[in-house]
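Right, one structure below, let's go through it.
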Number of protein chains: 2
Amino acid sequence: MTIEYNAQHSPVGAFASFTLGFPGARGGLGLEIGGPADENIYIGMETREGGVFEALPFFAGSEDEARRYDVGAAASGEQSELRAFPRSSISRTLTACCDTWKTGDLTFSVYSPAKPVPDPARSSAAALMEALVPAVFAELTADNTAGTRSRRVFFGYQGGDRYSSMRRLDDLCDFPGVGQGLRTAIVSNSAGIYSGLGFTPSKCLVPDHRENLVFGLGGTGLLMAEVPAGKKKTFRFAICFHRAGVVTSGMPSSYYYTRYFKNIEAVAVYALAHFDDQKKLSLTFDKKLAGLPEDRRFQLAQAIRSYYGSTQFLESGKTPFWVVNEGEYRMMNTFDLTVDHLFFEMDMNPWAVRNQLDWFVKRFSYRDKVRLPGATKEYPGGLSFTHDMGMANHVSKPGYSTYELFKLDGCFSHMTHEQLVNWVLCGVTYFRGKGDTKWLKAHLPVFRDCLRSLINRDHPDPAQRDGVMSSDSSRCMGGAEITTYDSLDVSLGQARNNLYLAVKSWAAYVGLESLFAGVPDGKDALQASTQASLCAHTIASNMRKDGFIPAVMGEGNESRIIPAIEGLVFPKIWGLENVLADDGAYGFLLQALKRHLRTVLVPGTCLFPTGGWKLSSTNDNSWLSKIYLCQYVAESILGFSVSSSADAAHRSWLEAPENAYFAWSDQMVNGVARGSKYYPRGVTGWLWLRAGDGKRTGKGKK
Amino acid sequence: MTIEYNAQHSPVGAFASFTLGFPGARGGLGLEIGGPADENIYIGMETREGGVFEALPFFAGSEDEARRYDVGAAASGEQSELRAFPRSSISRTLTACCDTWKTGDLTFSVYSPAKPVPDPARSSAAALMEALVPAVFAELTADNTAGTRSRRVFFGYQGGDRYSSMRRLDDLCDFPGVGQGLRTAIVSNSAGIYSGLGFTPSKCLVPDHRENLVFGLGGTGLLMAEVPAGKKKTFRFAICFHRAGVVTSGMPSSYYYTRYFKNIEAVAVYALAHFDDQKKLSLTFDKKLAGLPEDRRFQLAQAIRSYYGSTQFLESGKTPFWVVNEGEYRMMNTFDLTVDHLFFEMDMNPWAVRNQLDWFVKRFSYRDKVRLPGATKEYPGGLSFTHDMGMANHVSKPGYSTYELFKLDGCFSHMTHEQLVNWVLCGVTYFRGKGDTKWLKAHLPVFRDCLRSLINRDHPDPAQRDGVMSSDSSRCMGGAEITTYDSLDVSLGQARNNLYLAVKSWAAYVGLESLFAGVPDGKDALQASTQASLCAHTIASNMRKDGFIPAVMGEGNESRIIPAIEGLVFPKIWGLENVLADDGAYGFLLQALKRHLRTVLVPGTCLFPTGGWKLSSTNDNSWLSKIYLCQYVAESILGFSVSSSADAAHRSWLEAPENAYFAWSDQMVNGVARGSKYYPRGVTGWLWLRAGDGKRTGKGKK
């Protein structure tokens, strides 16, 4: 266990993050970037003796604790009056919405409430302002009750934006603030706070003349105050972000919050006026996670934080455009992430799920033909959806993603079948979760097209259909489709005959059947049902004598994979208990997957020596988001008990020194984050909350 | 002489620069930054043998020519197909508006026309679009007449903006283009050009499949074309910049060009449609400099380029706001630079001088009191103007600059007297240059206030006035005012009794006298005349027996300075020949300054061993902008002949390897640019064009 990890403190939908926790200039106020801003952050207090200032170790040089004792360096250096608190003196408590450091007489907390965003079509400006204000909140408490002299406290930063200078907001606001350009600022309305700019923090803390704190050339900005001897004081801050106007290329769109906040000064005014409300929202949300075992609670807290850091709520014309950026990659609304964010988003703001589905239909869909492997003849294909909607504020052109290329059969190939399945799974989830019959009615043709498209991808010859994808999109131009597990080997990467995708496809057919069952013309329901049944039987029939289903079915593949069970989550959240019943129509499938999991979830196969889950027996790359999801399926659907050593192992991955800079990351190769860093996908852990907290026994799997 | 130096290729008023010429990833498409963008720029052509691509050395790794021969590295590296042209094969020709590299079968030219901006209050949209289009232009000619196979040519970049991704503009335009976010782009409408994105240039040049050139994750964008065997082809490009909306904090303002160009696509369309016009404007402007001696022509070309790189034409509300940023420091309209840009701006766009003067009056002026040195009693002061209007897109608050601090007597102190003098000098220059009597009438009260303020800064006791500043502004709070030469020692830094400032003050009084002489109430003219006379006599009376006037008069200072003569430029450009006549009222002053210059302009005093000018005998920091100005005064007013070895020395400073990255720089300490890099101020060299080209003899000074 360590306290030296970054956490993202993020507003909702602002693609912004006040990142803090990893030593050095490795956090900061990041806006629209794929990692920490790497700025110097100064949070601290004068020592009891006075004249020397101690700060949390979030500035350059503070990584090296030896500097505290290098008197020569201290005497000659510019930062002579500033040093880091001793590491051993600092404690930290992290929840989903609060992050608190304590050391000596200082307590510093950041509040970043996880807030549902109300449907903008039917919400008041007040509600939307509360949800969307692009700010997070901080409290600094300085206890000088034991002190004998007045001591200075401070909070500020050295902005890293290349295009603009640091400035004081005092000139335009009724309260002090320091900021950089139009984009970031820290403000306070607590009594006694004053602002200062200087070349260095020392120049702010110990100015030659107080009047010179206005220095506009100073790249460091601090908010400061005095705490008299014998007093304990708390100061409040808002850390604000803003970007006005059109922010995307390809298709113009702007931040939704700019409807209410014209500039960062307006953000600051609102944020300070509503500090209490926002703090309260933080504390309230945190209670939701309180019942989780600690290792899960920590991981989910980090996951929720990184998710919000990637959220970007825009509007294009007058149409809301909910975007979740893909962490370090910044791809927009990557669909195979959307389907994993789904469970969290359905609880927080289901309209946002609908919004993404609608955008996929109207701009990010296409129609193709299909080819059988090794052949060039094309057969009817149908509707599908793009992998993503763009990258790093560039919206891709209609019908195309940023990611998908042509004539490939590995990373960057098309995910036509997977994204088609994902639209169905999200669509059914949205409809069943919200009961939005108006939306369903409008989208029945889309669901029908999806069914037709799914069936066409099975086999052009109806007689040869087995419910599983066996042909590739013409978009591949002779290449082969892949799945979301693009960076893994063929065990999870190839789409055709892929076990993981087959179970999700089965779920999609089951979902479509449930949907069409309520619609007059029952032909579609029957077709969906037939395909579901075919699919389930194909899967189960691939069970080997040694108790597992190969990752790629019928192709001699030997890989054993945990995500075989992923797709089971959908009937569960749809409430289709009969589908998951041991004695139901798909009891045989459940039994097969249960046996499969029992076979593979053993050390040396799909367990690392530490007890951590290894998604594929043939690859050391394991993804936390998918582990969380599969843990839920294993526990709540298949009746497994997951060893707490697994959770401890997974947490240790996030906390490892080489990973902790990236807050929450997904792709862990032997426990080292090699990709998908600073990533939103871990909110699959939200499913843990559905599992019933008391069920875990810690006795290991059944 | 070297060809390895950066040059800024800049539109007018866009605070943008396509910087190129220094080896490595040390140029690029910079917008609103204080130095080169440090991006990889790829400009090149396939070899005659084919399969290998050679590029100008403007990408990372190309600095090290050894890489060309390191076959092992070439075989294993990602960039295997790309290498730099041999340095020795490349030639370069630089003018103010054209920059051409030739090597092998490739010729690459950049055109960045220096254009007057017409007064926006009385100009057509067409004229303003032509002047302000935020783009520069390039031509690539590939001569494959001797080739036996088709060869690929390319031009593109790897954008360094942290916030946005590279993209193809083809999706939204009728022509190919590559760009980054909403800010920068390179486009072409030449036949055969196509665009590509890839992780590396090689991935664009030799894609696995041509279809995959759309790859949205690729951080490198190239425009490419084929040149068939036996053909010679020329391709045209526009390098475009754009930033929409409010761009400044403190006081909201936007780029004036956004009136006409809504986004970068609109810039691209216009730029390509007007390529011929803009190229022609470049060639025409260059003729103005053709008659200068080569070393001066080169320096002025670089100076004009860096000036335009700093220009930023904004509007706030509906009011035009002409800004020249201060190079690497990005202070906005630093007044002591404005007065040096004056000569160039009066020829290019005198309304912009008026615009700056008006902004100084309405927002960046203040009224103070004054104190005598060492005393605290305050006497009436008066009107003056701030050092600058802000920094790096932050407009400072009314009445205050970014730079000036309190209670200091060195760098960052106030420049109250100097900026007061500068307003008068610019104001008189504008009026006399344009004959704008309407403006003069409206601003007579300001000029009167300036006169009053100047006199008050002389001495509170009229009987003790000597025409020279002897009291400091109350803004200094007990500190002392400085001059523009803030980084030099007291020889030029202290304002009181400063010889440089005294001569400029004399010029200001002379200018005011000339102005008030045409106004009914002649009292002001008389007062100005009296002060001018007092000032001139004070200066002359400080002549020492050894033939120089000390830099600080009457305080025992021994420094000998060239800028004593600076102020003489003003009566000259005002056409007040009688003021400068040997037998005129100020003949004695002219004679004194002539003697002074003759004394100081000798090796070991104000000449470096190389013949370069050394502004102060007691400091190695010499400023090219001021050297140029003083050269003009020496030659055209005082009748000196400047040795061509001086010009050669000054040019060599700019070309030195440690300076050449910064394009044009000002502050040279023993020939090394220690400050004021990437700087606009060198357009003082524009005065050379007034000097009469044939007058220089090269025989050394008289």
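Ordering of the structure tokens sets the chain letters (A, B, ...); residue numbers start at 1 within each chain; ligands are numbered from 1 in the order shown.
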Go through region 228-338 of chain B and collect every residue that DSSP, computed from the backbone, puts in alpha helix (DSSP H); the answer should be as number ranges by chain. B: 264-273, 275-289, 294-310, 335-338
Could you work out which residues of chain B fall inside 7 Å of chain A? Count only C-alpha atoms, and format the result as number ranges by chain. B: 32-33, 162-165, 171, 181-182, 211-212, 215-217, 245, 249, 391-394, 397, 402-403, 405-406
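Taking CA of Ser491 (chain B) and CA of Glu558 (chain B) as the two end points, the separation is 8.2 Å.
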Distance query Phe431 (chain A) at most 10 Å, only C-alpha atoms, self and fewer than 4 positions along chain excluded, as a ChimeraX atom specification: /A:350,354,426-427,435-440,515,574
Since we have the selection now, will you write its residues out, keeping N, CA and C atoms, as an mmCIF file, in the first residue's frame?
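Below you can see selection13.cif, which holds the result:
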```cif
data_model
loop_
_atom_site.group_PDB
_atom_site.id
_atom_site.type_symbol
_atom_site.label_atom_id
_atom_site.label_comp_id
_atom_site.auth_asym_id
_atom_site.auth_seq_id
_atom_site.Cartn_x
_atom_site.Cartn_y
_atom_site.Cartn_z
ATOM 1 N N PRO A 350 -28.878 7.647 -17.868
ATOM 2 C CA PRO A 350 -29.216 6.757 -18.996
ATOM 3 C C PRO A 350 -29.450 7.500 -20.309
ATOM 4 N N ARG A 354 -28.484 6.650 -24.442
ATOM 5 C CA ARG A 354 -29.342 6.884 -25.612
ATOM 6 C C ARG A 354 -28.660 7.848 -26.590
ATOM 7 N N CYS A 426 -26.291 -2.407 -25.946
ATOM 8 C CA CYS A 426 -26.564 -1.113 -25.308
ATOM 9 C C CYS A 426 -28.009 -0.692 -25.532
ATOM 10 N N GLY A 427 -28.495 -0.926 -26.749
ATOM 11 C CA GLY A 427 -29.862 -0.522 -27.075
ATOM 12 C C GLY A 427 -30.886 -1.260 -26.225
ATOM 13 N N GLY A 435 -37.344 1.792 -20.016
ATOM 14 C CA GLY A 435 -38.711 1.603 -20.505
ATOM 15 C C GLY A 435 -39.132 2.682 -21.491
ATOM 16 N N ASP A 436 -38.180 3.153 -22.272
ATOM 17 C CA ASP A 436 -38.442 4.277 -23.188
ATOM 18 C C ASP A 436 -39.066 3.732 -24.476
ATOM 19 N N THR A 437 -40.375 3.531 -24.424
ATOM 20 C CA THR A 437 -41.057 2.896 -25.557
ATOM 21 C C THR A 437 -41.101 3.808 -26.788
ATOM 22 N N LYS A 438 -41.091 5.092 -26.541
ATOM 23 C CA LYS A 438 -41.078 6.011 -27.671
ATOM 24 C C LYS A 438 -39.784 5.835 -28.469
ATOM 25 N N TRP A 439 -38.693 5.745 -27.734
ATOM 26 C CA TRP A 439 -37.401 5.560 -28.399
ATOM 27 C C TRP A 439 -37.352 4.214 -29.092
ATOM 28 N N LEU A 440 -37.874 3.182 -28.410
ATOM 29 C CA LEU A 440 -37.850 1.845 -29.015
ATOM 30 C C LEU A 440 -38.622 1.849 -30.325
ATOM 31 N N LEU A 515 -36.920 -8.153 -27.077
ATOM 32 C CA LEU A 515 -37.439 -6.891 -27.585
ATOM 33 C C LEU A 515 -38.561 -7.117 -28.592
ATOM 34 N N TRP A 574 -30.678 -7.280 -17.652
ATOM 35 C CA TRP A 574 -32.007 -7.119 -18.245
ATOM 36 C C TRP A 574 -33.096 -7.760 -17.379
#
```
So the first atom is CA of Asp449 (chain A) and the second is CA of Glu378 (chain A); what is the distance between them in Å, to one decimal place?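 Between CA of Asp449 (chain A) and CA of Glu378 (chain A) the gap works out to 18.4 Å.
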Distance query Pro563 (chain A) at most 9 Å, only C-alpha atoms, self and fewer than 5 positions along chain excluded, as a list of chain:residue names: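 My reading of the contact set: A:Leu492, A:Leu499, A:Tyr500, A:Leu501, A:Leu615, A:Ser616, A:Lys626, A:Ile627, A:Leu629, A:Cys630.
One distance worth recording is that between CA of Asp276 (chain B) and CA of Asp170 (chain B), which is 22.3 Å.
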Extract, using only C-alpha atoms, all DNA, RNA and protein residues at most 8 Å from Ile186 (chain A), discarding same-chain residues fewer than 3 positions from it, and format them as a list in words.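 Within the cut-off, the hits are Gly156, Gly177, Val178, Gly179, Leu223, Phe237, Ala238, Ile239 and Cys240 of chain A.
Comparing the minimum interatomic distances between Ser254 (chain B) and each of B:Glu39, B:Glu315, B:Asp647, B:Asp472, counting only C-alpha atoms, we find that B:Glu315 sits nearest.
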Test item: residues at most 7 Å from Ser17 (chain B), only C-alpha atoms, excluding those fewer than 5 positions along its chain, as a short mmCIF file (atom, residue, chain, number, x, y, z; two decimals) with all heavy atoms, in the first residue's frame:
```cif
data_model
loop_
_atom_site.label_atom_id
_atom_site.label_comp_id
_atom_site.auth_asym_id
_atom_site.auth_seq_id
_atom_site.Cartn_x
_atom_site.Cartn_y
_atom_site.Cartn_z
N GLN B 8 11.60 33.03 -39.53
CA GLN B 8 10.16 33.00 -39.30
C GLN B 8 9.44 33.36 -40.59
O GLN B 8 9.72 34.41 -41.17
CB GLN B 8 9.80 33.97 -38.18
CG GLN B 8 10.45 33.61 -36.85
CD GLN B 8 9.95 34.46 -35.69
OE1 GLN B 8 10.71 35.17 -35.07
NE2 GLN B 8 8.67 34.39 -35.40
N HIS B 9 8.55 32.48 -41.01
CA HIS B 9 7.71 32.77 -42.17
C HIS B 9 6.32 33.01 -41.63
O HIS B 9 5.64 32.05 -41.25
CB HIS B 9 7.74 31.59 -43.15
CG HIS B 9 9.13 31.12 -43.48
ND1 HIS B 9 9.77 30.15 -42.76
CD2 HIS B 9 10.01 31.50 -44.45
CE1 HIS B 9 10.98 29.95 -43.27
NE2 HIS B 9 11.15 30.75 -44.29
N SER B 10 5.94 34.27 -41.60
CA SER B 10 4.77 34.63 -40.81
C SER B 10 3.74 35.42 -41.60
O SER B 10 4.09 36.32 -42.36
CB SER B 10 5.21 35.49 -39.61
OG SER B 10 6.10 34.77 -38.80
N LEU B 29 5.14 24.79 -37.08
CA LEU B 29 4.00 25.70 -37.20
C LEU B 29 3.64 26.22 -35.81
O LEU B 29 2.90 25.57 -35.07
CB LEU B 29 2.81 24.99 -37.84
CG LEU B 29 2.88 24.75 -39.35
CD1 LEU B 29 3.91 23.68 -39.72
CD2 LEU B 29 1.52 24.35 -39.90
N GLY B 30 4.16 27.38 -35.47
CA GLY B 30 3.95 27.91 -34.13
C GLY B 30 2.86 28.97 -34.11
O GLY B 30 2.87 29.89 -34.92
N LEU B 31 1.95 28.83 -33.18
CA LEU B 31 0.87 29.80 -33.04
C LEU B 31 0.86 30.29 -31.59
O LEU B 31 0.73 29.49 -30.67
CB LEU B 31 -0.46 29.13 -33.39
CG LEU B 31 -1.73 29.98 -33.41
CD1 LEU B 31 -1.58 31.17 -34.33
CD2 LEU B 31 -2.92 29.12 -33.86
N GLY B 309 6.28 37.74 -37.15
CA GLY B 309 5.95 36.60 -36.29
C GLY B 309 5.36 37.03 -34.96
O GLY B 309 4.60 36.28 -34.34
#
```
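You can rank B:Thr610, B:Thr386, B:Phe343, B:Leu597 by their closest distance to Val569 (chain B) using only C-alpha atoms, and at the top of that list sits B:Phe343.
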Need the shell around Pro36 (chain A): protein/DNA/RNA residues with any atom at most 7 Å away, counting only C-alpha atoms. Skip same-chain ones fewer than 3 positions apart. Format as an MDAnalysis selection string? chainID A and resid 19 26:28 30
What does the file look like for those residues with all heavy atoms, as a tab-separated table (two decimals), in the first residue's frame?
```tsv
chain	number	residue	atom	x	y	z
A	19	THR	N	-5.13	16.56	-11.44
A	19	THR	CA	-4.52	15.28	-11.12
A	19	THR	C	-3.45	15.49	-10.06
A	19	THR	O	-2.65	16.42	-10.15
A	19	THR	CB	-3.93	14.67	-12.40
A	19	THR	OG1	-4.99	14.46	-13.32
A	19	THR	CG2	-3.23	13.34	-12.11
A	26	ARG	N	4.18	15.97	-11.55
A	26	ARG	CA	3.56	14.90	-12.33
A	26	ARG	C	2.04	14.93	-12.23
A	26	ARG	O	1.37	13.97	-12.62
A	26	ARG	CB	4.10	13.54	-11.86
A	26	ARG	CG	5.63	13.44	-11.85
A	26	ARG	CD	6.22	13.57	-13.25
A	26	ARG	NE	5.79	12.48	-14.13
A	26	ARG	CZ	6.33	11.26	-14.13
A	26	ARG	NH1	7.32	10.97	-13.32
A	26	ARG	NH2	5.89	10.33	-14.97
A	27	GLY	N	1.51	16.01	-11.69
A	27	GLY	CA	0.06	16.18	-11.68
A	27	GLY	C	-0.28	17.49	-12.34
A	27	GLY	O	0.43	17.94	-13.23
A	28	GLY	N	-1.36	18.12	-11.91
A	28	GLY	CA	-1.66	19.44	-12.44
A	28	GLY	C	-3.04	19.56	-13.03
A	28	GLY	O	-3.86	18.64	-12.95
A	30	GLY	N	-5.10	19.58	-15.98
A	30	GLY	CA	-5.06	19.13	-17.37
A	30	GLY	C	-6.41	19.30	-18.04
A	30	GLY	O	-7.43	18.90	-17.51
```
Restricting the calculation to only C-alpha atoms, which member of A:Asp286, A:Asp458, A:Glu577, A:Asp340 is positioned closest to Val353 (chain A)? A:Asp340
Can you check which residues of region 359-582 of chain B DSSP gives as strand (DSSP E) on the backbone and send them as a ChimeraX atom specification? /B:365-371,379-385,390-391,394-395,472-473
Which one is closest to Glu130 (chain B): B:Pro113, B:Pro657, B:Gly575, B:Gly196? Count only C-alpha atoms.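 Between B:Pro113, B:Pro657, B:Gly575, B:Gly196, the residue approaching Glu130 (chain B) most closely is B:Pro113.
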Return the single residue from A:Lys318, A:Lys594, A:Lys677, A:Lys231 that is closest to Arg259 (chain A), with distances computed using only C-alpha atoms. A:Lys318
